[in-house]
Amino acid sequence: MTDIGNIALWITLLLSAWTVAVGFLGGRTRRPELMRSAERAMFVMWGLLVIAAIALMRVLLTHDFNVEYVAAYTSRNLPVFYTWSAFYAGQKGSLLLWALVVSTFGSVALLVNRGKYRELTPYVAATLAIVILFFTATMVFASNPFERLAFTPPDGRGLNPQLQNPGMVFHPPMLYLGYTSISVPFSFAVAALISGRLDTGWLHAIRRWTLASWLFLSCGIVLGMWWAYVELGWGGYWAWDPVENASFLPWLTMTAFLHSVMIQEKRGMLKKWNIGLVVLSFLLSIFGTFLTRSGVISSVHSFAQSNVGWFFLVFLVLAAVLGFGLLAWRWPMLQAEAKLESMVSREGAFLFNNLILIVIAFSVFWGTLFPVISEAVRGTKVTVGPPFFNQVNVPLGMMLLLLTGIGPLIAWRKASPENLKRQFLWPTTAMVVTAASLAAVRMTNAWSIVAYALAAFVVGTVLQEFVRGTLARHRLHAEAYPVAFLRLMGRNRRRYGGYVVHLGIVMLFAAFAGLAFKSEREVTLKPGQSVDVKDPYGDTFHITHQGVSQYEQLNRFVTAASVDVLRNGKYIGTMKSEKRQHLDSLGRPTFEPSTEVAIWSTAREDLYVVFAGAVKGTEEAVYKIVINPLVWWVWYGGLVLAFGGLITMWPGAQGPTAASRRRAEPAGYVAQVGA
Amino acid sequence: MWRRSAPSLVALALATAGGLAAQAPRDSAVAAAARARTGDSLGRLAVPEAAGRPAAAATARDDAALVQAIEHQIRCTCGCNLDVFTCRTTDFTCTTSPAMHQLVLARLDSGLTEAQVLASFQRQYGEMIFMAPPKRGFNWAAYVMPYVGLAVGLGLVTAVARRLIRARAAGAGAETAGAPVEPAAGGASPEELEKLKRELERFEA
């Protein structure tokens with residue numbers, strides 16, 4: 001199978017070079033046979049990469065330990081579920097997955113746009129082929145998943161225990177889907193720049209792709225937070241680790257794009273900015289992988305380090321030159337079609353929204369790279385951890401939250417004082433009442449008060465929109481309120497889905513603000529001993545250590561410590577935190593022991609118990625006990641956000657706005673888009 | 001080769017501890033009774049090394065607010081990117097953070113204040129020991145640059161907006177497309193219905 005996989009990779013490499021050549025040549029000369037060849041080559045590359053993926057999966061599932069990748073990431077006693085996930089547990093498999101997903105998305109993009117955007121598709125195929133060429137070349141020349149060992153070990157090393165978690169099965173693929181799907185908007189942007197077809201046509205083609213990419217990134221990030229929370233055992237879900245930051249960066253720029261593209265569709269403005277954001281998002285998606293693989297920055301993801309990081313750096317520079325070079329070349333053609341009439345308008349609010357998002361992205365980027373910069377400038381290493389990122393980003397986050405409420409309600413072109421009063425009176429009242437109430441109950445953290453007040457403001461704006469729209473339908477069409485509500489959403493899924501996304505964002509902000517009231521302590525308990533822990537609401541958890549047990553389970557040896565928990569005297573359950581020593585099929589320990597946290601979760605707070613160790617080999621246990629307020633809202637906020645994203649991109653929505661379709665007319669795209 | 005020896009020892013440990021995981025609070029008495037039968041005040045783990053490095057019993061002092069405050073500001077040098085308190089209470093394989101914790105306690109015992117303890121760590125390890133760059137000298141660039149970026153961005157947006165904003169004739173009405181809907185109360189006149197229809201179009205457009 002490895003021979004088949006290798007051959008598939010080599011043919012893909014050659015074919016991707018062919019696609020690049022005929023794509024650009026076909027686009028330039030308008031020769032149909034070359035254009036068709038580029039498109040067909042994309043489908044063939046997809047088929048070849050599927051064959052390579054099947055080959056790798058087969059050697060993983062059959063435990064062919066003569067293959068270096070299989071020996072490095074699996075063992076005979078690894079559950080099948082995680083043997084599947086070993087496909088992308090290491091760098092070599094990740095590269096194959098990346099190439100496969102780019103070719104899949106590329107094929108789908110060409111298929112769904114078949115017969116449309118004829119001027120763009122050869123360049124789209126060629127640009128995507130460049131990405132595939134890069135990943136395939138990296139595999140073939142530096143990091144081949146089918147590389148064989150000189151001998152066959154009796155068993156593999158096994159999968160890192162921290163990766164043996166359901167969150168880790170879904171989190172990396174989601175992020176990969178997010179990163180790779182940005183390749184499609186990037187390739188359309190490059191195609192539009194090369195071909196000079198710079199109206200909104202290309203935006204129509206990438207609309208769902210940008211949403212899908214943003215949705216995948218969102219889900220990937222939230223799943224990663226969940227994995228960190230339940231698996232790493234440090235009591236939090238976001239540590240501002242460089243690799244976490246690297247996934248956050250393209251999310252921020254994509255979010256900015258999803259807002260600013262509305263201005264281009266509606267008013268024909270911000271064309272340069274939008275193309276710049278698409279290019280930047282693509283570059284940042286590569287930057288994340290560069291950080292993970294290069295070891296430039298110290299990270300908890302350092303297990304993925306290797307020499308291919310520098311391949312990524314070269315690719316990053318070339319892609320930046322290509323993207324921004326083309327943008328500079330077409331700069332004069334990207335003039336706005338309309339003038340800004342007032343900053344007190346939706347355009348103005350979206351401009352500020354974009355500015356804040358980009359400044360947050362810059363601060364994260366700057367903070368992530370500052371250790372390197374400091375060392376280069378002063379020769380002194382510094383650490384840039386959570387205290388820095390929280391201090392710098394909290395004020396920016398508050399500004400963003402405010403604009404999340406203002407943007408959707410303020411009028412296009414120019415808002416009158418009357419418009420402002422009618423739109424913002426109730427949300428502002430909600431904000432003021434919330435702030436006053438929290439101050440009255442003596443909430444001490446000023447940023448938390450600001451966050452909850454702004455959250456009330458945003459919820460007020462969203463509810464007002466839903467209520468007013470539903471009432472209008474009810475009055476005009478005599479529909480029942482639930483019917484009116486659902487039809488209102490169905491008539492403009494992009495808008496109302498966006499509101500649901502905003503509600504998800506508010507839930508996330510509310511959860512982040514709750515971190516200010518987190519408390520943690522370390523206690524040592526003998527069996528039968530108890531400790532009382534107070535939560536920020538004044539309730540008391542009475543925690544009694546029951547003892548420690550040890551047993552074998554699947555591919556691990558478990559040491560489990562149990563506590564009984566009473567809340568205000570009422571029994572709420574037994575919580576069990578574990579240490580797991582993973583073993584190979586011969587019973588030998590592999591890796592260091594890992595932690596399984598015990599979590600009791602409600603909408604108000606999480607009780608988070610970590611068995612931190614046994615004292616002198618006895619049942620006397622050291623526990624870390626954390627009260628984490630409002631963590632539940634992170635996971636459900638993520639769900640609401642994803643649900644809103646799905647509403648926005650659900651098929652059957654009315655497609656581009658009339659204004660946007662009008663803007664595509666000069667290029668003759670109307671018939672094509674409607675086709 | 002734990003697999004061969006572990007089960008019998010595990011069985012012994014379970015018998016000693018009295019099957020703990022799925023029991024209600026009252027069952028803690030069972031564990032105590034089991035220990036009493038064996039004459040041992042504390043059950044022994046069958047395979048202690050499987051539970052990570054042996055932990056030292058935490059005292060109230062280990063958990064003191066001042067100790068936590070100091071340890072949250074300094075980084076464990078094991079390469080984990082966590083602060084000392086988080087690392088030593090989380091990563092039970094790390095031997096660095098417990099040692100650094102002992103240093104913190106020793107320096108507090110010697111009469112140093114929080115600031116002096118932090119300064120002593122800086123002398124020992126350099127600035128990288130802090131979880132965030134100290135606010136002095138070049139490090140200010142880390143804190144200031146995002147806001148310089150914001151100021152520059154605001155300046156650019158304002159400059160571009162000034163250039164783009166066209167003068168509008170006095171008295172020209174504001175765009176009504178964004179005006180809110182106010183549903184008519186009671187029976188609506190044809191004019192009101194027409195207005196309502198326009199407003200609904202705004203919501204659904």
# chains A, B, ... in the order shown; residues from 1 in each chain; ligands from 1
>>> residues_around(residues="Pro536 in chain A", least_positions_apart="5", cutoff="9 Å", atoms="only C-alpha atoms", output="PyMOL selection string")
chain A and resi 517-519+627+629
>>> closest_atom_pairs(of="chain A", to="chain B", cutoff="6 Å", atoms="only C-alpha atoms", output="tab-separated table")
residue	atom	partner	partner_atom	distance
A:Gly233	CA	B:Thr90	CA	5.9
A:Trp234	CA	B:Thr90	CA	5.4
A:Lys339	CA	B:Leu164	CA	5.3
A:Leu340	CA	B:Ile165	CA	4.7
A:Glu341	CA	B:Ile165	CA	4.7
A:Val359	CA	B:Leu150	CA	5.9
A:Ser363	CA	B:Pro146	CA	5.0
A:Lys381	CA	B:Met128	CA	5.4
A:Val382	CA	B:Met128	CA	3.9
A:Thr383	CA	B:Met128	CA	4.9
A:Val384	CA	B:Ala132	CA	4.8
A:Gly385	CA	B:Met131	CA	5.1
A:Pro387	CA	B:Ala132	CA	5.9
A:Phe388	CA	B:Ala132	CA	5.3
A:Ala411	CA	B:Gly178	CA	3.8
A:Trp412	CA	B:Gly178	CA	5.9
A:Lys414	CA	B:Ala174	CA	5.6
A:Ser416	CA	B:Ala174	CA	5.6
A:Asn419	CA	B:Ala179	CA	5.7
A:Gly469	CA	B:Phe203	CA	6.0
A:Ala472	CA	B:Pro183	CA	5.5
A:Arg491	CA	B:Glu204	CA	5.7
A:Asn492	CA	B:Glu204	CA	5.4
A:Glu522	CA	B:Asp63	CA	5.8
A:Val523	CA	B:Ala58	CA	5.8
A:Thr524	CA	B:Ala58	CA	5.3
A:Gly528	CA	B:Ser28	CA	6.0
A:Gln546	CA	B:Ser28	CA	5.5
A:Ser549	CA	B:Leu14	CA	5.8
A:Gln550	CA	B:Val10	CA	5.6
A:Tyr551	CA	B:Val10	CA	5.8
A:Thr559	CA	B:Ala51	CA	5.9
A:Ser562	CA	B:Ala21	CA	5.7
A:Asp564	CA	B:Pro25	CA	5.5
A:Lys579	CA	B:Ala51	CA	5.9
A:Gln581	CA	B:Ala50	CA	5.7
A:Gly587	CA	B:Arg3	CA	5.0
A:Arg588	CA	B:Met1	CA	5.3
A:Ala612	CA	B:Thr89	CA	5.9
A:Gly613	CA	B:Ala55	CA	5.1
A:Ala614	CA	B:Ala55	CA	5.5
A:Val615	CA	B:Ala55	CA	4.8
A:Lys616	CA	B:Pro54	CA	5.5
A:Gly617	CA	B:Pro48	CA	4.8
A:Thr618	CA	B:Arg44	CA	4.3
A:Glu619	CA	B:Gly43	CA	5.3
>>> atom_distance(atom1="CA of Gly115 in chain A", atom2="CA of Pro32 in chain A")
12.1 Å
>>> residues_around(residues="Ser585 in chain A", least_positions_apart="2", cutoff="8 Å", atoms="only C-alpha atoms", output="list in words")
Ser75, Arg76, Asn77, Asp155, Asn555, Leu583, Gly587 and Arg588 of chain A
>>> residues_around(residues="Ile11 in chain A", least_positions_apart="3", cutoff="12 Å", atoms="only C-alpha atoms", output="ChimeraX atom specification")
/A:4-8,14-19,41,44-49,51-52,132-133,136-137,140
>>> residues_around(residues="Phe512 in chain A", least_positions_apart="3", cutoff="10 Å", atoms="only C-alpha atoms", output="MDAnalysis selection string")
chainID A and resid 238 394 448 451 506:509 515:516 629:631 633:634
>>> write_last_selection(atoms="C-alpha atoms", output="mmCIF file, in the first residue's frame")
data_model
loop_
_atom_site.group_PDB
_atom_site.id
_atom_site.type_symbol
_atom_site.label_atom_id
_atom_site.label_comp_id
_atom_site.auth_asym_id
_atom_site.auth_seq_id
_atom_site.Cartn_x
_atom_site.Cartn_y
_atom_site.Cartn_z
ATOM 1 C CA TRP A 238 -7.678 29.473 26.614
ATOM 2 C CA VAL A 394 -10.029 43.307 27.103
ATOM 3 C CA SER A 448 -17.025 42.540 34.112
ATOM 4 C CA ALA A 451 -18.948 43.445 29.673
ATOM 5 C CA VAL A 506 -22.567 37.713 23.643
ATOM 6 C CA MET A 507 -22.737 34.364 25.454
ATOM 7 C CA LEU A 508 -19.007 33.912 24.918
ATOM 8 C CA PHE A 509 -18.234 37.392 26.227
ATOM 9 C CA LEU A 515 -13.334 34.401 34.571
ATOM 10 C CA ALA A 516 -12.772 37.431 36.779
ATOM 11 C CA PRO A 629 -18.096 30.631 36.859
ATOM 12 C CA LEU A 630 -20.082 30.591 33.615
ATOM 13 C CA VAL A 631 -17.898 28.170 31.640
ATOM 14 C CA TRP A 633 -21.763 29.597 28.405
ATOM 15 C CA VAL A 634 -18.612 29.088 26.378
#
>>> select_by_dssp(residues="range 250-419 of chain A", states="helix (DSSP H, G or I)", output="PyMOL selection string")
chain A and resi 250-267+271-294+302-304+309-329+331-333+346-378+386-406+417-419
>>> write_last_selection(atoms="C-alpha atoms", output="compact mmCIF listing (two decimals), in the first residue's frame")
# COMPACT_ATOMS: atom_id res chain seq x y z
CA PRO A 250 -7.52 34.07 10.58
CA TRP A 251 -10.82 33.88 12.47
CA LEU A 252 -10.53 37.58 13.28
CA THR A 253 -9.69 38.59 9.72
CA MET A 254 -12.43 36.37 8.29
CA THR A 255 -14.90 37.93 10.72
CA ALA A 256 -13.80 41.37 9.54
CA PHE A 257 -14.25 40.26 5.93
CA LEU A 258 -17.76 38.88 6.54
CA HIS A 259 -18.77 42.34 7.74
CA SER A 260 -16.93 44.52 5.26
CA VAL A 261 -18.03 42.45 2.28
CA MET A 262 -21.58 43.60 3.00
CA ILE A 263 -20.47 47.16 2.32
CA GLN A 264 -18.98 46.14 -1.01
CA GLU A 265 -22.10 44.23 -1.99
CA LYS A 266 -24.45 47.00 -0.89
CA ARG A 267 -22.47 50.12 -1.79
CA LYS A 271 -12.92 46.65 -2.66
CA LYS A 272 -9.20 46.90 -1.93
CA TRP A 273 -9.77 46.25 1.74
CA ASN A 274 -11.84 43.12 1.09
CA ILE A 275 -9.31 41.57 -1.25
CA GLY A 276 -6.60 42.45 1.27
CA LEU A 277 -8.53 40.69 4.03
CA VAL A 278 -8.98 37.52 1.97
CA VAL A 279 -5.26 37.43 1.15
CA LEU A 280 -4.36 38.15 4.77
CA SER A 281 -6.68 35.40 6.05
CA PHE A 282 -5.04 32.87 3.75
CA LEU A 283 -1.56 33.94 4.84
CA LEU A 284 -2.54 33.70 8.50
CA SER A 285 -3.89 30.20 7.97
CA ILE A 286 -0.43 29.20 6.73
CA PHE A 287 1.24 31.22 9.50
CA GLY A 288 -0.45 29.03 12.11
CA THR A 289 1.07 25.91 10.64
CA PHE A 290 4.44 27.61 10.32
CA LEU A 291 4.35 28.44 14.03
CA THR A 292 3.37 24.88 14.98
CA ARG A 293 6.01 23.22 12.85
CA SER A 294 8.96 25.58 13.03
CA SER A 302 5.68 21.76 20.25
CA PHE A 303 5.24 18.01 19.80
CA ALA A 304 4.53 18.83 16.18
CA GLY A 309 8.42 24.93 9.24
CA TRP A 310 10.87 26.67 6.97
CA PHE A 311 9.11 25.27 3.88
CA PHE A 312 6.02 27.00 5.22
CA LEU A 313 7.91 30.25 5.71
CA VAL A 314 9.04 30.26 2.09
CA PHE A 315 5.52 29.45 0.90
CA LEU A 316 4.14 32.18 3.17
CA VAL A 317 6.46 34.77 1.67
CA LEU A 318 5.71 33.69 -1.90
CA ALA A 319 1.95 33.72 -1.28
CA ALA A 320 2.22 37.19 0.29
CA VAL A 321 4.17 38.48 -2.69
CA LEU A 322 1.65 36.97 -5.10
CA GLY A 323 -1.45 38.19 -3.24
CA PHE A 324 -0.34 41.68 -2.30
CA GLY A 325 1.64 42.14 -5.53
CA LEU A 326 -1.49 41.48 -7.57
CA LEU A 327 -3.48 43.78 -5.31
CA ALA A 328 -0.96 46.58 -5.87
CA TRP A 329 -1.05 45.93 -9.63
CA TRP A 331 -5.06 49.05 -7.21
CA PRO A 332 -6.30 51.68 -9.73
CA MET A 333 -9.13 49.36 -10.86
CA ARG A 346 -23.79 51.41 9.06
CA GLU A 347 -20.83 51.80 6.75
CA GLY A 348 -19.10 53.82 9.47
CA ALA A 349 -19.95 51.25 12.15
CA PHE A 350 -18.63 48.42 9.98
CA LEU A 351 -15.46 50.39 9.28
CA PHE A 352 -14.84 50.75 13.00
CA ASN A 353 -15.80 47.10 13.55
CA ASN A 354 -13.17 46.12 10.96
CA LEU A 355 -10.64 48.43 12.52
CA ILE A 356 -11.11 46.92 15.98
CA LEU A 357 -10.99 43.35 14.65
CA ILE A 358 -7.77 44.08 12.79
CA VAL A 359 -6.25 45.84 15.80
CA ILE A 360 -7.10 42.79 17.96
CA ALA A 361 -5.51 40.57 15.31
CA PHE A 362 -2.47 42.83 15.32
CA SER A 363 -2.20 42.79 19.12
CA VAL A 364 -2.41 38.98 19.16
CA PHE A 365 0.14 38.73 16.35
CA TRP A 366 2.41 41.28 18.00
CA GLY A 367 2.20 39.63 21.40
CA THR A 368 2.83 36.19 19.91
CA LEU A 369 5.95 37.34 18.11
CA PHE A 370 7.19 39.79 20.75
CA PRO A 371 9.50 37.23 22.42
CA VAL A 372 11.28 36.81 19.09
CA ILE A 373 11.33 40.57 18.48
CA SER A 374 12.66 41.27 21.98
CA GLU A 375 15.41 38.71 21.55
CA ALA A 376 16.35 40.13 18.16
CA VAL A 377 16.35 43.78 19.32
CA ARG A 378 17.72 43.50 22.86
CA PRO A 386 -2.14 35.47 29.46
CA PRO A 387 -1.66 38.55 31.71
CA PHE A 388 -0.37 40.52 28.73
CA PHE A 389 -3.04 39.38 26.26
CA ASN A 390 -5.86 39.93 28.75
CA GLN A 391 -4.65 43.40 29.62
CA VAL A 392 -4.29 44.52 26.02
CA ASN A 393 -7.30 42.82 24.51
CA VAL A 394 -10.03 43.31 27.10
CA PRO A 395 -10.58 47.02 26.29
CA LEU A 396 -10.51 46.23 22.56
CA GLY A 397 -12.98 43.41 23.11
CA MET A 398 -15.35 45.78 24.88
CA MET A 399 -15.21 48.20 21.93
CA LEU A 400 -15.97 45.32 19.60
CA LEU A 401 -18.92 44.23 21.72
CA LEU A 402 -20.33 47.75 21.60
CA LEU A 403 -20.02 47.82 17.81
CA THR A 404 -21.66 44.38 17.61
CA GLY A 405 -24.78 46.10 18.94
CA ILE A 406 -24.51 49.30 16.94
CA PRO A 417 -30.87 61.62 15.29
CA GLU A 418 -34.42 60.28 15.16
CA ASN A 419 -33.19 56.96 13.78
>>> residues_around(residues="Glu114 in chain B", least_positions_apart="6", cutoff="9 Å", atoms="only C-alpha atoms", output="ChimeraX atom specification")
/B:66-67,69-70,108
>>> atom_distance(atom1="CA of Ala142 in chain A", atom2="CA of Asn307 in chain A")
8.2 Å
>>> residues_around(residues="Val124 in chain A", least_positions_apart="6", cutoff="7 Å", atoms="only C-alpha atoms", output="JSON, numbers by chain")
{"A": [187, 188, 191]}
>>> closest_residue(among="A:Ala21, A:Arg28, A:Ser218, A:Trp202", to="Ala129 in chain A", atoms="only C-alpha atoms")
A:Ala21
>>> atom_distance(atom1="CA of Lys116 in chain A", atom2="CA of Thr29 in chain A")
18.1 Å
>>> closest_residue(among="A:Ile54, A:Leu149, A:Leu607, A:Leu471", to="Ala71 in chain A", atoms="only C-alpha atoms")
A:Leu149
